[in-house]
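Structure file upload04.csv (CSV, C-alpha atoms) is printed below.
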```csv
chain,number,residue,atom,x,y,z
G,144,MET,CA,14.8,-9.1,9.3
G,145,ILE,CA,11.9,-7.2,7.8
G,146,VAL,CA,12.7,-4.7,5.1
G,147,SER,CA,10.0,-2.2,4.1
G,148,LYS,CA,9.0,-1.4,0.6
G,149,ASP,CA,11.5,1.4,0.2
G,150,ASP,CA,14.3,-0.7,1.6
G,151,PHE,CA,14.4,0.5,5.1
G,152,PRO,CA,15.1,-2.2,7.7
G,153,VAL,CA,12.0,-2.0,10.0
G,154,TYR,CA,12.6,-4.9,12.2
G,155,GLU,CA,15.5,-7.1,13.1
G,156,LEU,CA,15.8,-10.1,15.4
G,157,THR,CA,18.8,-12.3,16.1
G,158,LEU,CA,18.3,-15.8,17.3
G,159,GLU,CA,21.3,-17.4,18.9
G,160,ASN,CA,20.5,-21.0,17.9
G,161,LEU,CA,19.9,-20.4,14.2
G,162,ILE,CA,23.5,-20.2,13.2
G,163,LYS,CA,25.9,-22.4,15.0
G,164,ARG,CA,29.1,-21.2,13.5
G,165,LYS,CA,30.4,-17.9,14.9
G,166,ASP,CA,33.1,-17.2,12.2
G,167,TYR,CA,31.6,-14.2,10.6
G,168,VAL,CA,28.9,-13.0,12.9
G,169,GLN,CA,29.7,-9.4,12.1
G,170,MET,CA,29.0,-10.0,8.4
G,171,HIS,CA,25.5,-11.4,8.8
G,172,GLU,CA,23.9,-8.1,8.5
G,173,PHE,CA,25.9,-7.3,5.4
G,174,ILE,CA,25.1,-10.6,3.8
G,175,LEU,CA,21.4,-10.0,4.3
G,176,HIS,CA,21.5,-6.5,2.9
G,177,SER,CA,23.4,-7.6,-0.2
G,178,SER,CA,20.7,-10.2,-0.9
G,179,LEU,CA,18.3,-7.4,-1.4
G,180,ASP,CA,19.7,-6.9,-4.9
G,181,VAL,CA,19.0,-10.5,-5.7
G,182,ILE,CA,15.4,-10.1,-4.5
G,183,GLU,CA,15.0,-7.1,-6.7
G,184,GLN,CA,15.5,-9.4,-9.7
G,185,VAL,CA,13.8,-12.6,-8.5
G,186,GLN,CA,10.6,-10.9,-7.4
G,187,TRP,CA,9.6,-10.2,-10.9
G,188,ASN,CA,10.0,-13.7,-12.1
G,189,SER,CA,7.2,-15.2,-10.0
G,190,ASN,CA,4.1,-13.9,-8.4
G,191,ASN,CA,4.4,-16.1,-5.3
G,192,MET,CA,5.0,-14.4,-2.1
G,193,TYR,CA,7.3,-17.0,-0.9
G,194,LEU,CA,10.5,-16.9,-2.9
G,195,LYS,CA,12.3,-19.9,-1.3
G,196,THR,CA,16.0,-19.7,-0.9
G,197,ILE,CA,17.3,-16.9,-3.0
G,198,ASP,CA,20.9,-16.5,-2.1
G,199,ARG,CA,23.7,-18.3,-0.3
G,200,PHE,CA,27.0,-17.3,1.4
G,201,ASN,CA,29.2,-20.3,2.0
G,202,GLU,CA,26.9,-22.5,4.1
G,203,LEU,CA,24.6,-19.8,5.0
G,204,LEU,CA,21.3,-19.6,3.1
G,205,ILE,CA,18.9,-16.7,2.8
G,206,THR,CA,15.2,-17.4,2.5
G,207,CYS,CA,12.8,-14.7,1.6
G,208,LEU,CA,9.1,-13.8,1.5
G,209,VAL,CA,7.8,-10.7,-0.3
G,210,THR,CA,4.5,-9.3,0.7
G,211,PRO,CA,2.0,-7.8,-1.8
G,212,SER,CA,3.1,-4.3,-0.8
G,213,ASN,CA,6.8,-5.2,-1.2
G,214,ALA,CA,7.9,-5.6,2.4
G,215,LYS,CA,10.5,-8.3,2.5
G,216,PHE,CA,11.0,-10.9,5.2
G,217,LEU,CA,14.5,-12.3,5.2
G,218,ILE,CA,16.0,-15.0,7.2
G,219,LEU,CA,19.6,-16.1,7.3
G,220,HIS,CA,20.1,-19.7,8.4
G,221,GLU,CA,22.1,-22.9,7.9
G,222,GLY,CA,20.0,-25.2,5.9
G,223,ARG,CA,17.0,-25.2,8.2
G,224,ASN,CA,13.9,-27.2,7.5
G,225,GLU,CA,11.9,-25.4,4.8
G,226,ASP,CA,8.5,-26.2,6.4
G,227,ALA,CA,9.7,-24.7,9.7
G,228,ILE,CA,10.6,-21.5,7.9
G,229,LYS,CA,7.3,-21.4,6.0
G,230,ASN,CA,5.3,-21.8,9.2
G,231,PHE,CA,7.4,-19.1,10.8
G,232,PHE,CA,6.9,-16.7,7.9
G,233,ASN,CA,3.2,-17.4,7.9
G,234,GLU,CA,2.9,-16.4,11.5
G,235,VAL,CA,5.2,-13.3,11.2
G,236,TYR,CA,3.2,-12.2,8.2
G,237,GLU,CA,0.0,-12.2,10.1
G,238,LEU,CA,1.6,-10.2,12.8
G,239,PHE,CA,3.1,-7.8,10.3
G,240,VAL,CA,-0.3,-7.2,8.6
G,241,LYS,CA,-1.7,-6.4,12.0
G,242,VAL,CA,1.0,-3.9,12.7
G,243,VAL,CA,0.5,-2.3,9.3
G,244,MET,CA,-3.2,-2.0,10.0
G,245,ASN,CA,-2.4,0.3,12.9
G,246,PRO,CA,-3.5,3.7,11.6
G,247,PHE,CA,-0.6,5.3,13.4
G,248,TYR,CA,1.9,3.1,11.7
G,249,GLU,CA,3.5,4.8,8.7
G,250,SER,CA,5.3,2.7,6.1
G,251,ASN,CA,9.1,2.6,6.5
G,252,GLN,CA,8.7,3.2,10.2
G,253,LYS,CA,10.6,1.0,12.6
G,254,ILE,CA,8.5,-1.6,14.4
G,255,ALA,CA,9.4,-0.8,18.0
G,256,LEU,CA,6.4,-2.5,19.4
G,257,GLN,CA,7.2,-4.7,22.4
G,258,SER,CA,4.4,-7.1,21.9
G,259,PHE,CA,5.3,-7.6,18.3
G,260,ASP,CA,8.8,-8.5,19.3
G,261,GLU,CA,7.5,-11.0,21.9
G,262,ARG,CA,5.2,-12.6,19.5
G,263,VAL,CA,7.8,-13.0,16.8
G,264,ARG,CA,10.2,-14.5,19.3
G,265,SER,CA,7.6,-17.0,20.5
G,266,ALA,CA,6.8,-17.9,16.9
G,267,ALA,CA,10.5,-18.5,16.4
G,268,ARG,CA,10.7,-20.7,19.5
G,269,LYS,CA,7.8,-22.7,18.2
G,270,HIS,CA,8.9,-23.2,14.6
G,271,LEU,CA,12.7,-22.8,14.3
T,171,MET,CA,4.0,3.0,18.8
T,172,LYS,CA,5.5,3.8,22.2
T,173,LYS,CA,6.5,1.0,24.4
T,174,GLY,CA,6.3,1.5,28.1
T,175,SER,CA,3.3,1.8,30.3
T,176,ALA,CA,1.2,-1.2,31.0
T,177,MET,CA,-1.8,0.5,29.5
T,178,ASN,CA,-0.2,0.7,26.1
T,179,ALA,CA,1.0,-2.9,26.2
T,180,THR,CA,-2.5,-4.2,26.8
T,181,LEU,CA,-3.9,-2.2,23.9
T,182,ALA,CA,-1.2,-3.5,21.6
T,183,ASP,CA,-1.9,-7.0,22.7
T,184,PHE,CA,-5.5,-6.5,22.0
T,185,ALA,CA,-4.7,-5.4,18.4
T,186,PHE,CA,-2.8,-8.6,17.8
T,187,GLU,CA,-5.6,-10.8,19.1
T,188,ARG,CA,-8.1,-9.4,16.8
T,189,THR,CA,-8.8,-11.2,13.5
T,190,LEU,CA,-8.3,-9.7,10.1
T,191,LYS,CA,-11.6,-11.0,8.8
T,192,PRO,CA,-13.9,-8.6,7.0
T,193,ARG,CA,-16.2,-7.0,9.4
T,194,GLN,CA,-19.6,-5.3,8.9
T,195,GLU,CA,-19.9,-2.5,6.5
T,196,VAL,CA,-19.4,1.0,7.7
T,197,SER,CA,-22.6,3.0,7.4
T,198,LEU,CA,-22.6,5.7,4.7
T,199,SER,CA,-23.6,8.4,7.0
T,200,SER,CA,-20.8,7.9,9.4
T,201,PHE,CA,-18.3,7.7,6.6
T,202,SER,CA,-19.7,10.9,5.1
T,203,PHE,CA,-19.6,12.7,8.4
T,204,LEU,CA,-16.0,11.7,9.0
T,205,PHE,CA,-15.0,12.6,5.5
T,206,SER,CA,-16.7,16.0,5.6
T,207,GLU,CA,-14.9,16.7,8.8
T,208,ILE,CA,-11.6,15.9,7.2
T,209,VAL,CA,-12.4,18.2,4.3
T,210,GLN,CA,-13.4,21.0,6.6
T,211,GLN,CA,-10.3,20.5,8.7
T,212,LEU,CA,-8.1,20.6,5.6
T,213,MET,CA,-9.9,23.7,4.3
T,214,LYS,CA,-9.3,25.4,7.7
T,215,SER,CA,-5.7,24.6,7.8
T,216,GLU,CA,-5.3,25.7,4.3
T,217,LYS,CA,-6.8,29.1,5.2
T,218,ALA,CA,-4.6,29.4,8.3
T,219,ALA,CA,-1.6,28.6,6.2
T,220,SER,CA,-2.4,31.3,3.6
T,221,TYR,CA,-2.6,33.9,6.5
T,222,HIS,CA,0.9,33.0,7.5
T,223,ALA,CA,2.3,34.4,4.3
T,224,HIS,CA,3.7,31.6,2.1
T,225,SER,CA,5.1,29.6,5.0
T,226,GLY,CA,4.5,26.1,3.5
T,227,ALA,CA,0.9,25.2,2.7
T,228,LEU,CA,0.9,21.9,4.6
T,229,THR,CA,0.7,22.4,8.3
T,230,ASP,CA,0.2,18.8,9.3
T,231,PRO,CA,3.6,17.1,9.6
T,232,MET,CA,2.1,13.8,8.7
T,233,LEU,CA,1.0,15.1,5.4
T,234,GLN,CA,4.4,16.5,4.7
T,235,SER,CA,6.2,13.2,5.4
T,236,ALA,CA,3.6,11.0,3.6
T,237,GLY,CA,3.7,10.5,-0.1
T,238,SER,CA,5.9,11.3,-3.0
T,239,GLY,CA,6.4,15.0,-2.7
T,240,THR,CA,6.0,16.9,-5.9
T,241,CYS,CA,2.7,18.6,-6.3
T,242,HIS,CA,1.0,17.8,-9.5
T,243,LEU,CA,-2.4,19.0,-8.6
T,244,ASN,CA,-3.1,22.6,-8.9
T,245,ASN,CA,-5.7,22.5,-6.1
T,246,ASP,CA,-4.3,22.4,-2.6
T,247,LEU,CA,-7.3,20.7,-1.0
T,248,GLU,CA,-7.3,18.0,-3.7
T,249,HIS,CA,-3.6,17.5,-3.2
T,250,GLN,CA,-4.0,17.1,0.6
T,251,LEU,CA,-6.8,14.7,0.2
T,252,TYR,CA,-4.7,12.8,-2.3
T,253,GLN,CA,-1.8,12.7,0.1
T,254,LEU,CA,-4.1,11.3,2.8
T,255,GLY,CA,-5.2,8.5,0.5
T,256,ILE,CA,-1.7,7.2,-0.3
T,257,PRO,CA,-0.8,5.5,3.0
T,258,ILE,CA,-4.3,4.1,3.2
T,259,GLY,CA,-3.8,2.5,-0.2
T,260,GLU,CA,-0.6,0.9,0.9
T,261,LYS,CA,-2.2,-0.6,4.0
T,262,LEU,CA,-5.3,-1.7,2.1
T,263,LEU,CA,-3.3,-3.6,-0.5
T,264,GLU,CA,-1.6,-5.6,2.3
T,265,LEU,CA,-4.9,-6.3,4.0
T,266,LEU,CA,-6.9,-7.4,0.9
T,267,PHE,CA,-4.2,-9.8,-0.2
T,268,TYR,CA,-4.0,-11.2,3.3
T,269,ARG,CA,-7.7,-11.8,3.3
T,270,GLU,CA,-7.8,-13.2,-0.2
T,271,LYS,CA,-4.9,-15.7,-0.2
T,272,GLY,CA,-2.8,-15.5,2.8
T,273,GLY,CA,-5.4,-16.1,5.4
T,274,GLN,CA,-5.4,-19.2,7.6
T,275,GLY,CA,-1.6,-19.2,7.5
T,276,GLY,CA,-1.3,-19.9,3.8
T,277,ALA,CA,1.0,-17.0,3.0
T,278,CYS,CA,3.9,-19.2,1.9
T,279,SER,CA,2.1,-21.9,0.0
T,280,SER,CA,-0.6,-19.9,-1.8
T,281,GLY,CA,0.3,-16.3,-1.2
T,282,LYS,CA,0.4,-14.3,-4.4
T,283,ARG,CA,1.6,-10.9,-5.3
T,284,GLU,CA,0.6,-8.9,-8.3
T,285,THR,CA,3.5,-8.2,-10.5
T,286,LYS,CA,1.8,-7.6,-13.8
T,287,LEU,CA,0.4,-4.2,-14.6
T,288,VAL,CA,-2.8,-5.2,-16.3
T,289,SER,CA,-3.8,-7.8,-13.7
T,290,MET,CA,-3.2,-5.3,-11.0
T,291,LEU,CA,-5.5,-2.8,-12.7
T,292,HIS,CA,-8.1,-5.5,-13.0
T,293,LEU,CA,-7.8,-6.2,-9.4
T,294,ILE,CA,-8.3,-2.6,-8.4
T,295,ASN,CA,-11.1,-2.2,-10.9
T,296,GLY,CA,-12.8,-5.3,-9.6
T,297,SER,CA,-12.2,-6.6,-6.1
T,298,VAL,CA,-10.7,-3.5,-4.5
T,299,PHE,CA,-13.6,-1.4,-5.5
T,300,LYS,CA,-15.9,-4.1,-4.4
T,301,ALA,CA,-14.3,-4.3,-1.0
T,302,LEU,CA,-14.3,-0.5,-0.6
T,303,PHE,CA,-17.6,0.5,-2.1
T,304,GLY,CA,-19.5,-2.7,-2.6
T,305,ARG,CA,-19.5,-2.6,-6.4
T,306,PRO,CA,-16.9,-2.8,-9.1
T,307,ALA,CA,-15.8,0.4,-10.9
T,308,ASP,CA,-17.6,1.4,-14.0
T,309,GLY,CA,-14.9,0.8,-16.5
T,310,LEU,CA,-11.2,0.3,-17.1
T,311,GLU,CA,-9.5,1.2,-20.3
T,312,GLN,CA,-6.3,2.0,-21.9
T,313,SER,CA,-5.7,5.4,-23.3
T,314,ILE,CA,-5.7,5.8,-27.0
T,315,GLU,CA,-2.8,8.3,-27.3
T,316,ASP,CA,-0.5,6.8,-24.7
T,317,GLU,CA,-0.2,3.2,-23.9
T,318,ASP,CA,1.3,3.8,-20.5
T,319,GLU,CA,-1.9,5.5,-19.4
T,320,TYR,CA,-5.0,3.8,-18.1
T,321,ARG,CA,-8.3,5.1,-16.9
T,322,ILE,CA,-10.8,3.9,-14.4
T,323,LEU,CA,-14.2,5.3,-14.6
T,324,ASP,CA,-16.3,5.8,-11.5
T,325,ARG,CA,-19.9,7.0,-12.0
T,326,SER,CA,-20.6,8.0,-8.4
T,327,PRO,CA,-17.6,8.2,-6.2
T,328,ILE,CA,-18.6,7.8,-2.6
T,329,THR,CA,-16.6,10.8,-1.5
T,330,ASN,CA,-18.6,13.1,-3.8
T,331,LYS,CA,-22.0,11.8,-2.8
T,332,PHE,CA,-22.8,14.7,-0.6
T,333,ALA,CA,-20.1,17.1,-1.8
T,334,ASN,CA,-20.9,20.4,-3.4
T,335,LEU,CA,-19.2,20.2,-6.8
T,336,GLY,CA,-18.8,22.4,-9.8
T,337,LYS,CA,-18.9,26.1,-10.3
T,338,ASN,CA,-21.2,27.1,-7.5
T,339,SER,CA,-18.9,25.7,-4.8
T,340,GLN,CA,-16.6,28.4,-3.5
T,341,LEU,CA,-13.5,26.4,-4.3
T,342,GLY,CA,-14.3,26.0,-7.9
T,343,GLN,CA,-13.5,22.7,-9.5
T,344,THR,CA,-12.6,20.6,-6.5
T,345,ASN,CA,-13.0,16.9,-6.7
T,346,CYS,CA,-13.0,15.1,-3.4
T,347,ALA,CA,-12.4,11.9,-5.3
T,348,ALA,CA,-8.7,12.9,-5.2
T,349,PHE,CA,-8.7,11.0,-2.0
T,350,ILE,CA,-9.6,7.8,-3.9
T,351,ALA,CA,-7.0,8.7,-6.5
T,352,GLY,CA,-4.4,8.9,-3.8
T,353,LEU,CA,-5.6,5.5,-2.5
T,354,ILE,CA,-5.1,3.9,-5.9
T,355,GLU,CA,-1.7,5.4,-6.3
T,356,GLY,CA,-0.6,4.2,-2.9
T,357,MET,CA,-1.7,0.7,-3.9
T,358,LEU,CA,0.2,0.8,-7.2
T,359,CYS,CA,3.3,2.4,-5.8
T,360,SER,CA,3.6,0.0,-3.0
T,361,ALA,CA,3.4,-2.9,-5.5
T,362,LYS,CA,6.3,-1.2,-7.2
T,363,LEU,CA,4.2,-0.3,-10.2
T,364,TYR,CA,5.0,3.4,-10.0
T,365,ALA,CA,2.3,5.6,-11.3
T,366,LYS,CA,0.7,9.0,-10.9
T,367,VAL,CA,-3.0,8.9,-10.4
T,368,THR,CA,-5.2,11.9,-10.8
T,369,ALA,CA,-8.9,12.3,-10.5
T,370,HIS,CA,-10.7,14.3,-13.1
T,371,LEU,CA,-14.3,15.3,-13.1
T,372,TYR,CA,-16.1,14.1,-16.2
T,373,GLY,CA,-19.0,16.2,-17.2
T,374,ASP,CA,-20.1,18.9,-19.7
T,375,GLU,CA,-18.4,21.6,-17.6
T,376,GLU,CA,-15.1,19.8,-18.1
T,377,ALA,CA,-13.9,22.2,-20.9
T,378,GLY,CA,-11.1,24.0,-19.1
T,379,ALA,CA,-7.6,22.9,-18.1
T,380,GLY,CA,-5.8,19.7,-18.4
T,381,GLY,CA,-8.4,17.0,-18.6
T,382,ASP,CA,-10.4,18.1,-21.6
T,383,ALA,CA,-8.6,16.0,-24.2
T,384,GLN,CA,-8.9,13.0,-22.0
T,385,ALA,CA,-12.5,13.6,-21.3
T,386,THR,CA,-13.4,13.7,-25.0
T,387,ALA,CA,-11.4,10.6,-25.7
T,388,GLU,CA,-13.3,8.9,-22.9
T,389,GLY,CA,-16.6,9.6,-24.6
T,390,GLU,CA,-16.5,6.8,-27.1
T,391,GLY,CA,-15.4,4.2,-24.7
T,392,ALA,CA,-18.0,4.7,-22.0
T,393,GLU,CA,-21.6,4.1,-22.5
T,394,THR,CA,-23.7,7.2,-22.4
T,395,PRO,CA,-23.3,8.8,-19.0
T,396,ALA,CA,-26.8,10.2,-19.3
T,397,GLY,CA,-28.2,7.1,-17.7
T,398,ALA,CA,-26.4,7.9,-14.5
T,399,GLY,CA,-28.9,10.7,-13.9
T,400,ALA,CA,-28.2,13.0,-11.0
T,401,GLY,CA,-24.9,11.4,-10.4
T,402,ALA,CA,-23.6,12.4,-13.8
T,403,THR,CA,-21.9,15.5,-12.5
T,404,SER,CA,-19.8,13.6,-10.1
T,405,THR,CA,-18.6,11.0,-12.5
T,406,THR,CA,-14.9,10.8,-12.1
T,407,ILE,CA,-12.1,9.4,-14.2
T,408,TYR,CA,-9.0,8.3,-12.5
T,409,VAL,CA,-6.2,8.8,-14.9
T,410,ILE,CA,-3.3,6.4,-14.1
T,411,LYS,CA,0.0,7.3,-15.8
T,412,PHE,CA,2.6,4.7,-15.2
T,413,ALA,CA,6.3,5.5,-14.9
T,414,LYS,CA,8.6,4.7,-17.8
T,415,GLU,CA,10.5,2.0,-16.0
T,416,VAL,CA,7.3,0.1,-15.2
T,417,ALA,CA,6.4,0.0,-18.9
T,418,VAL,CA,9.9,-1.1,-19.9
T,419,ARG,CA,9.9,-3.9,-17.3
T,420,GLU,CA,6.4,-5.0,-18.4
T,421,ARG,CA,7.5,-5.3,-22.0
T,422,ALA,CA,10.7,-7.1,-21.1
T,423,GLY,CA,8.7,-9.6,-19.1
T,424,GLN,CA,6.4,-10.6,-21.9
```
What's the structure tokens form of this structure?
Amino acid sequence: MIVSKDDFPVYELTLENLIKRKDYVQMHEFILHSSLDVIEQVQWNSNNMYLKTIDRFNELLITCLVTPSNAKFLILHEGRNEDAIKNFFNEVYELFVKVVMNPFYESNQKIALQSFDERVRSAARKHL
Amino acid sequence: MKKGSAMNATLADFAFERTLKPRQEVSLSSFSFLFSEIVQQLMKSEKAASYHAHSGALTDPMLQSAGSGTCHLNNDLEHQLYQLGIPIGEKLLELLFYREKGGQGGACSSGKRETKLVSMLHLINGSVFKALFGRPADGLEQSIEDEDEYRILDRSPITNKFANLGKNSQLGQTNCAAFIAGLIEGMLCSAKLYAKVTAHLYGDEEAGAGGDAQATAEGEGAETPAGAGAGATSTTIYVIKFAKEVAVRERAGQ
């Protein structure tokens, strides 16, 4: 999930294979949103973009990356390999910057671009 | 951002395949031409709006939705230029950081954000101005009366290079550098360092409203502006006033 600087969810993607357990699927979105509060605190403690795993809910981990203009990339997973997530974030970040560079894209606007979606999915297939 | 026709899809694909490396500089004349067209367009729309008796000064929906709302500039043209600058600032911040640290897929390992107020200002003063105008700004200082207030001095803002400034212009004291002020504000606000940025002309005519106290205080900090020669009249100060919560957080962090 990508959350814009004013806390609007601008892009969401669900990958079936990322979380095996199906117990509380309906809560995933809620868990992700609640972690935004944690980010709000953590983001001032370090000036790295990559904030590592910031929150957990039972076995589910939330890993986060904050861009310089405060867009947040969140991923909810079950203890996935950290390098894989890093690589995934790197790729998504590049795509995201390219979307932002579009002069017709306003901040907080939903990213409804098909080719963005395709590219994120292929990045996910490659790394996760 | 519409999905659908094959034409659009290919254009979007093209956008993703381009690199984000710095490209050649834009020529001054084409920038000035574009900017002057923007100003003229805004002036026209402003006039049209005033004919339609008080029905909201901003006719462009994009201008209405962009930015933070409350008008703190008395001049409408300046305000609109300023509103135009804000989204550009936001985008620019993302791009510059990407180029500096995040490039070559290093966003996670070496990607940095700017969380400290002073270092952010130094960044704007230095590398942002360099990236935009090919030179650093002419000075950055903290206000004497108010420690949440900072100023960036710009001897010859590019937006004012060919602009008719001062009393003889029909609009009175309009400063096109309001555009750059908006740009700086967009950058600061998107880094969650909330601030109001205003552009003030700095010159001997600056005796009237608002900026006079600031202008006199500026005098001792800056080197004599006489050396700037013809550009002296367009010397602009960007007054950056940070919001209370930013200052509080900054002190708590130290």
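Of the listed residues (G:Asn245, G:Tyr236, G:Val181, G:Arg264), G:Tyr236 comes nearest to Ala214 (chain G); the distances count all atoms listed in the file.
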In file coordinates, which residues lie within 6 Å of (14.2, -15.5, -4.3) using all atoms listed in the file, given as a count of residues only? 6
Sorted by chain and rising residue number, list the residues of chain G at most 6 Å from chain T (counting all atoms listed in the file), each with its closest atom pair and distance in Å to one decimal, as a tab-separated table.
```
residue	atom	partner	partner_atom	distance
G:Asn190	CA	T:Arg283	CA	5.0
G:Asn191	CA	T:Lys282	CA	4.5
G:Met192	CA	T:Lys282	CA	5.1
G:Tyr193	CA	T:Cys278	CA	4.9
G:Pro211	CA	T:Arg283	CA	4.7
G:Ser212	CA	T:Ser360	CA	4.9
G:Asn213	CA	T:Ala361	CA	5.9
G:Lys229	CA	T:Cys278	CA	5.8
G:Asn233	CA	T:Gly275	CA	5.1
```
If you measure from CA of Phe231 (chain G) to CA of His270 (chain G), what distance in Å do you get, rounded to one decimal?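 Those two atoms sit 5.8 Å apart.
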Could you check which of G:Ser177, G:Gln186, G:Asn201, G:Asn230 is closest to Arg268 (chain G), using all atoms listed in the file?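 Once distances to Arg268 (chain G) are computed over all atoms listed in the file, the minimum belongs to G:Asn230.
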Just the number, please: distance in Å from CA of Asp246 (chain T) to CA of Ser206 (chain T), one decimal. 16.2 Å
Compile the contact shell of region 216-228 of chain G as a PDB file with C-alpha atoms, keeping the file's coordinate frame: residues with an atom at most 6 Å away, counting all atoms listed in the file, same-chain residues fewer than 6 positions apart removed.
```pdb
ATOM      1  CA  MET G 144      14.800  -9.100   9.300  1.00  0.00           C
ATOM      2  CA  ILE G 145      11.900  -7.200   7.800  1.00  0.00           C
ATOM      3  CA  LEU G 161      19.900 -20.400  14.200  1.00  0.00           C
ATOM      4  CA  ILE G 162      23.500 -20.200  13.200  1.00  0.00           C
ATOM      5  CA  LEU G 203      24.600 -19.800   5.000  1.00  0.00           C
ATOM      6  CA  LEU G 204      21.300 -19.600   3.100  1.00  0.00           C
ATOM      7  CA  ILE G 205      18.900 -16.700   2.800  1.00  0.00           C
ATOM      8  CA  THR G 206      15.200 -17.400   2.500  1.00  0.00           C
ATOM      9  CA  CYS G 207      12.800 -14.700   1.600  1.00  0.00           C
ATOM     10  CA  LEU G 208       9.100 -13.800   1.500  1.00  0.00           C
ATOM     11  CA  HIS G 270       8.900 -23.200  14.600  1.00  0.00           C
ATOM     12  CA  LEU G 271      12.700 -22.800  14.300  1.00  0.00           C
TER      13      LEU G 271
END
```
From G:Val235, G:Asp260, G:Asn251, G:Phe200, residue lying nearest Phe173 (chain G) [only C-alpha atoms]: G:Phe200
Need to verify the contact set: region 154-160 of chain G, 8 Å, all atoms listed in the file, exclusion of same-chain residues closer than 3 positions in sequence. Can you return it as a ChimeraX atom specification? /G:144-146,163,253-255
Between CA of Gln194 (chain T) and CA of Pro246 (chain G) lies a distance of 18.6 Å
